[in-house]
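Undergrad: For reference, the file final-v4.cif (mmCIF, C-alpha atoms) is included below:
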data_upload
#
loop_
_atom_site.group_PDB
_atom_site.id
_atom_site.type_symbol
_atom_site.label_atom_id
_atom_site.label_comp_id
_atom_site.auth_asym_id
_atom_site.auth_seq_id
_atom_site.Cartn_x
_atom_site.Cartn_y
_atom_site.Cartn_z
ATOM 1 C CA MET A 185 62.245 94.903 99.554
ATOM 2 C CA SER A 186 65.312 97.034 98.913
ATOM 3 C CA GLU A 187 68.864 95.726 98.625
ATOM 4 C CA ARG A 188 72.123 97.298 99.737
ATOM 5 C CA THR A 189 75.658 96.573 98.563
ATOM 6 C CA CYS A 190 78.456 95.659 100.973
ATOM 7 C CA VAL A 191 81.388 98.060 100.397
ATOM 8 C CA VAL A 192 83.887 95.244 101.056
ATOM 9 C CA THR A 193 82.536 92.338 98.980
ATOM 10 C CA ARG A 194 80.402 94.372 96.523
ATOM 11 C CA SER A 195 77.593 91.820 96.937
ATOM 12 C CA ALA A 196 73.974 93.019 97.109
ATOM 13 C CA THR A 197 71.812 91.709 99.925
ATOM 14 C CA ASP A 198 68.947 92.582 102.271
ATOM 15 C CA PRO A 199 69.824 95.485 104.648
ATOM 16 C CA GLU A 200 68.915 93.324 107.657
ATOM 17 C CA GLY A 201 72.138 91.345 107.166
ATOM 18 C CA LEU A 202 74.332 94.453 106.893
ATOM 19 C CA LEU A 203 75.653 97.095 109.276
ATOM 20 C CA ARG A 204 75.417 100.731 108.162
ATOM 21 C CA PHE A 205 78.172 103.267 108.856
ATOM 22 C CA VAL A 206 77.630 107.032 108.560
ATOM 23 C CA ARG A 207 79.705 110.161 109.057
ATOM 24 C CA SER A 208 78.823 112.075 112.225
ATOM 25 C CA PRO A 209 78.768 115.903 112.294
ATOM 26 C CA ASP A 210 82.230 115.848 113.977
ATOM 27 C CA GLY A 211 83.670 113.865 111.061
ATOM 28 C CA LEU A 212 83.784 110.445 112.740
ATOM 29 C CA ILE A 213 82.517 107.247 111.145
ATOM 30 C CA VAL A 214 79.958 105.636 113.465
ATOM 31 C CA ALA A 215 77.883 102.474 113.250
ATOM 32 C CA ASP A 216 74.200 103.196 112.630
ATOM 33 C CA VAL A 217 72.771 100.178 114.408
ATOM 34 C CA TRP A 218 69.125 101.250 114.054
ATOM 35 C CA GLN A 219 69.609 102.552 110.471
ATOM 36 C CA LYS A 220 67.999 105.870 111.416
ATOM 37 C CA LEU A 221 70.886 108.378 111.310
ATOM 38 C CA PRO A 222 70.741 110.995 108.547
ATOM 39 C CA GLY A 223 73.124 111.133 105.625
ATOM 40 C CA ARG A 224 74.712 108.779 103.149
ATOM 41 C CA GLY A 225 76.199 105.659 104.580
ATOM 42 C CA GLY A 226 78.296 102.667 103.675
ATOM 43 C CA TRP A 227 77.024 99.149 104.305
ATOM 44 C CA VAL A 228 79.152 96.231 105.534
ATOM 45 C CA GLY A 229 78.037 92.652 106.048
ATOM 46 C CA GLY A 230 79.455 89.580 107.677
ATOM 47 C CA GLY A 231 80.589 90.909 111.022
ATOM 48 C CA ARG A 232 83.887 91.982 112.515
ATOM 49 C CA THR A 233 86.160 90.517 109.826
ATOM 50 C CA ARG A 234 84.567 92.499 107.006
ATOM 51 C CA VAL A 235 84.450 95.674 109.099
ATOM 52 C CA ARG A 236 88.206 95.325 109.698
ATOM 53 C CA LYS A 237 88.777 94.833 105.966
ATOM 54 C CA GLY A 238 86.698 97.930 105.239
ATOM 55 C CA VAL A 239 88.751 99.988 107.688
ATOM 56 C CA LYS A 240 92.060 98.589 106.425
ATOM 57 C CA ARG A 241 91.158 99.283 102.785
ATOM 58 C CA ARG A 242 89.806 102.726 103.752
ATOM 59 C CA LEU A 243 86.409 101.932 102.258
ATOM 60 C CA LEU A 244 84.282 103.257 105.112
ATOM 61 C CA PRO A 245 85.487 106.887 105.159
ATOM 62 C CA ARG A 246 85.236 107.049 101.387
ATOM 63 C CA ARG A 247 81.535 106.179 101.320
ATOM 64 C CA PRO A 248 80.040 109.299 102.908
ATOM 65 C CA ARG A 249 81.759 111.587 100.323
ATOM 66 C CA ALA A 250 83.684 113.644 102.855
ATOM 67 C CA HIS A 251 86.847 113.330 104.899
ATOM 68 C CA ALA A 252 86.164 111.383 108.062
ATOM 69 C CA THR A 253 88.064 109.650 110.843
ATOM 70 C CA ILE A 254 87.434 106.184 112.240
ATOM 71 C CA PRO A 255 87.954 106.110 116.021
ATOM 72 C CA ALA A 256 90.267 103.377 117.349
#
The structure in this file should be written as structure tokens.
TA:
Amino acid sequence: MSERTCVVTRSATDPEGLLRFVRSPDGLIVADVWQKLPGRGGWVGGGRTRVRKGVKRRLLPRRPRAHATIPA
């Protein structure tokens, strides 16, 4: 089985325990709950606290290799 790395903790784990974020065509970062959206994504694990850390540290927009905005 494949492993993915959390952008906040840098720990590798099974994708089932992580939430994937991708850049939409309009430049917004959206959660890819079903892990089916196209494009490169950033993975975050551990729930709301780690997602907040990723947003605060600006890790999520950096992952998809293009400028993106995180909606409030």
Undergrad: Rounded to one decimal, what separation in Å do you get between atom CA of Gly201 of chain A and atom CA of Glu187 of chain A?
TA: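 Computing it gives 10.1 Å between the two atoms.
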Undergrad: Skip Asp216 of chain A itself and residues of its chain fewer than 4 positions away, then list as a PDB file with C-alpha atoms, in the frame of the given file all residues within 7 Å of it, counting all atoms listed in the file.
TA:
ATOM      1  CA  ARG A 204      75.417 100.731 108.162  1.00  0.00           C
ATOM      2  CA  PHE A 205      78.172 103.267 108.856  1.00  0.00           C
ATOM      3  CA  VAL A 206      77.630 107.032 108.560  1.00  0.00           C
ATOM      4  CA  LYS A 220      67.999 105.870 111.416  1.00  0.00           C
ATOM      5  CA  LEU A 221      70.886 108.378 111.310  1.00  0.00           C
TER       6      LEU A 221
END
Undergrad: Which residue gives the smallest distance to Leu244 of chain A among A:Leu202, A:Gly223, A:Gly229, A:Ile213, with all atoms listed in the file counted?
TA: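 Counting all atoms listed in the file, the residue closest to Leu244 of chain A is A:Ile213.
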Undergrad: Evaluated on this file, the PyMOL selection byres ((chain A and resi 203) around 12) picks out some residues - which ones are they, written as a ChimeraX atom specification?
TA: /A:188-192,197-202,204-206,214-220,225-232,234-235,238,244
Undergrad: Could segment 209-234 of chain A be completed with N, CA, C and O atoms and written as a PDB file, in the coordinates of the input, please?
TA:
ATOM      1  N   PRO A 209      78.455 114.486 112.526  1.00  0.00           N
ATOM      2  CA  PRO A 209      78.768 115.903 112.294  1.00  0.00           C
ATOM      3  C   PRO A 209      80.211 116.280 112.664  1.00  0.00           C
ATOM      4  O   PRO A 209      80.769 117.206 112.104  1.00  0.00           O
ATOM      5  N   ASP A 210      80.836 115.535 113.613  1.00  0.00           N
ATOM      6  CA  ASP A 210      82.230 115.848 113.977  1.00  0.00           C
ATOM      7  C   ASP A 210      83.235 115.191 113.039  1.00  0.00           C
ATOM      8  O   ASP A 210      84.430 115.288 113.263  1.00  0.00           O
ATOM      9  N   GLY A 211      82.770 114.471 112.025  1.00  0.00           N
ATOM     10  CA  GLY A 211      83.670 113.865 111.061  1.00  0.00           C
ATOM     11  C   GLY A 211      84.100 112.450 111.396  1.00  0.00           C
ATOM     12  O   GLY A 211      85.009 111.914 110.780  1.00  0.00           O
ATOM     13  N   LEU A 212      83.456 111.818 112.372  1.00  0.00           N
ATOM     14  CA  LEU A 212      83.784 110.445 112.740  1.00  0.00           C
ATOM     15  C   LEU A 212      82.841 109.476 112.027  1.00  0.00           C
ATOM     16  O   LEU A 212      81.676 109.788 111.788  1.00  0.00           O
ATOM     17  N   ILE A 213      83.349 108.302 111.713  1.00  0.00           N
ATOM     18  CA  ILE A 213      82.517 107.247 111.145  1.00  0.00           C
ATOM     19  C   ILE A 213      81.944 106.447 112.308  1.00  0.00           C
ATOM     20  O   ILE A 213      82.689 105.950 113.149  1.00  0.00           O
ATOM     21  N   VAL A 214      80.619 106.354 112.373  1.00  0.00           N
ATOM     22  CA  VAL A 214      79.958 105.636 113.465  1.00  0.00           C
ATOM     23  C   VAL A 214      79.011 104.585 112.898  1.00  0.00           C
ATOM     24  O   VAL A 214      78.472 104.741 111.794  1.00  0.00           O
ATOM     25  N   ALA A 215      78.821 103.524 113.645  1.00  0.00           N
ATOM     26  CA  ALA A 215      77.883 102.474 113.250  1.00  0.00           C
ATOM     27  C   ALA A 215      76.460 102.958 113.505  1.00  0.00           C
ATOM     28  O   ALA A 215      76.151 103.456 114.582  1.00  0.00           O
ATOM     29  N   ASP A 216      75.613 102.822 112.534  1.00  0.00           N
ATOM     30  CA  ASP A 216      74.200 103.196 112.630  1.00  0.00           C
ATOM     31  C   ASP A 216      73.389 101.919 112.841  1.00  0.00           C
ATOM     32  O   ASP A 216      72.810 101.377 111.909  1.00  0.00           O
ATOM     33  N   VAL A 217      73.376 101.462 114.071  1.00  0.00           N
ATOM     34  CA  VAL A 217      72.771 100.178 114.408  1.00  0.00           C
ATOM     35  C   VAL A 217      71.284 100.141 114.061  1.00  0.00           C
ATOM     36  O   VAL A 217      70.787  99.148 113.536  1.00  0.00           O
ATOM     37  N   TRP A 218      70.572 101.224 114.302  1.00  0.00           N
ATOM     38  CA  TRP A 218      69.125 101.250 114.054  1.00  0.00           C
ATOM     39  C   TRP A 218      68.784 101.746 112.656  1.00  0.00           C
ATOM     40  O   TRP A 218      67.610 101.848 112.308  1.00  0.00           O
ATOM     41  N   GLN A 219      69.792 102.091 111.850  1.00  0.00           N
ATOM     42  CA  GLN A 219      69.609 102.552 110.471  1.00  0.00           C
ATOM     43  C   GLN A 219      68.681 103.759 110.401  1.00  0.00           C
ATOM     44  O   GLN A 219      67.832 103.875 109.529  1.00  0.00           O
ATOM     45  N   LYS A 220      68.855 104.689 111.343  1.00  0.00           N
ATOM     46  CA  LYS A 220      67.999 105.870 111.416  1.00  0.00           C
ATOM     47  C   LYS A 220      68.774 107.181 111.306  1.00  0.00           C
ATOM     48  O   LYS A 220      68.162 108.239 111.188  1.00  0.00           O
ATOM     49  N   LEU A 221      70.108 107.147 111.356  1.00  0.00           N
ATOM     50  CA  LEU A 221      70.886 108.378 111.310  1.00  0.00           C
ATOM     51  C   LEU A 221      70.814 109.000 109.921  1.00  0.00           C
ATOM     52  O   LEU A 221      70.740 108.292 108.919  1.00  0.00           O
ATOM     53  N   PRO A 222      70.837 110.337 109.857  1.00  0.00           N
ATOM     54  CA  PRO A 222      70.741 110.995 108.547  1.00  0.00           C
ATOM     55  C   PRO A 222      72.050 110.895 107.763  1.00  0.00           C
ATOM     56  O   PRO A 222      73.115 110.666 108.326  1.00  0.00           O
ATOM     57  N   GLY A 223      71.945 111.079 106.481  1.00  0.00           N
ATOM     58  CA  GLY A 223      73.124 111.133 105.625  1.00  0.00           C
ATOM     59  C   GLY A 223      73.369 109.848 104.864  1.00  0.00           C
ATOM     60  O   GLY A 223      72.731 108.825 105.078  1.00  0.00           O
ATOM     61  N   ARG A 224      74.335 109.947 103.935  1.00  0.00           N
ATOM     62  CA  ARG A 224      74.712 108.779 103.149  1.00  0.00           C
ATOM     63  C   ARG A 224      75.578 107.873 103.994  1.00  0.00           C
ATOM     64  O   ARG A 224      76.381 108.333 104.783  1.00  0.00           O
ATOM     65  N   GLY A 225      75.418 106.612 103.795  1.00  0.00           N
ATOM     66  CA  GLY A 225      76.199 105.659 104.580  1.00  0.00           C
ATOM     67  C   GLY A 225      76.808 104.580 103.711  1.00  0.00           C
ATOM     68  O   GLY A 225      76.487 104.437 102.542  1.00  0.00           O
ATOM     69  N   GLY A 226      77.711 103.840 104.310  1.00  0.00           N
ATOM     70  CA  GLY A 226      78.296 102.667 103.675  1.00  0.00           C
ATOM     71  C   GLY A 226      77.821 101.437 104.421  1.00  0.00           C
ATOM     72  O   GLY A 226      77.673 101.467 105.642  1.00  0.00           O
ATOM     73  N   TRP A 227      77.563 100.372 103.717  1.00  0.00           N
ATOM     74  CA  TRP A 227      77.024  99.149 104.305  1.00  0.00           C
ATOM     75  C   TRP A 227      78.080  98.060 104.297  1.00  0.00           C
ATOM     76  O   TRP A 227      78.790  97.879 103.307  1.00  0.00           O
ATOM     77  N   VAL A 228      78.183  97.330 105.413  1.00  0.00           N
ATOM     78  CA  VAL A 228      79.152  96.231 105.534  1.00  0.00           C
ATOM     79  C   VAL A 228      78.426  95.033 106.118  1.00  0.00           C
ATOM     80  O   VAL A 228      77.667  95.158 107.069  1.00  0.00           O
ATOM     81  N   GLY A 229      78.664  93.870 105.551  1.00  0.00           N
ATOM     82  CA  GLY A 229      78.037  92.652 106.048  1.00  0.00           C
ATOM     83  C   GLY A 229      79.053  91.656 106.552  1.00  0.00           C
ATOM     84  O   GLY A 229      80.245  91.777 106.303  1.00  0.00           O
ATOM     85  N   GLY A 230      78.591  90.690 107.287  1.00  0.00           N
ATOM     86  CA  GLY A 230      79.455  89.580 107.677  1.00  0.00           C
ATOM     87  C   GLY A 230      80.197  89.724 108.982  1.00  0.00           C
ATOM     88  O   GLY A 230      80.985  88.867 109.319  1.00  0.00           O
ATOM     89  N   GLY A 231      79.995  90.786 109.707  1.00  0.00           N
ATOM     90  CA  GLY A 231      80.589  90.909 111.022  1.00  0.00           C
ATOM     91  C   GLY A 231      81.940  91.588 111.076  1.00  0.00           C
ATOM     92  O   GLY A 231      82.337  92.340 110.199  1.00  0.00           O
ATOM     93  N   ARG A 232      82.652  91.300 112.159  1.00  0.00           N
ATOM     94  CA  ARG A 232      83.887  91.982 112.515  1.00  0.00           C
ATOM     95  C   ARG A 232      84.978  91.872 111.449  1.00  0.00           C
ATOM     96  O   ARG A 232      85.700  92.833 111.190  1.00  0.00           O
ATOM     97  N   THR A 233      85.103  90.715 110.819  1.00  0.00           N
ATOM     98  CA  THR A 233      86.160  90.517 109.826  1.00  0.00           C
ATOM     99  C   THR A 233      85.992  91.470 108.646  1.00  0.00           C
ATOM    100  O   THR A 233      86.956  92.097 108.215  1.00  0.00           O
ATOM    101  N   ARG A 234      84.793  91.592 108.137  1.00  0.00           N
ATOM    102  CA  ARG A 234      84.567  92.499 107.006  1.00  0.00           C
ATOM    103  C   ARG A 234      84.694  93.955 107.413  1.00  0.00           C
ATOM    104  O   ARG A 234      85.152  94.776 106.624  1.00  0.00           O
TER     105      ARG A 234
END
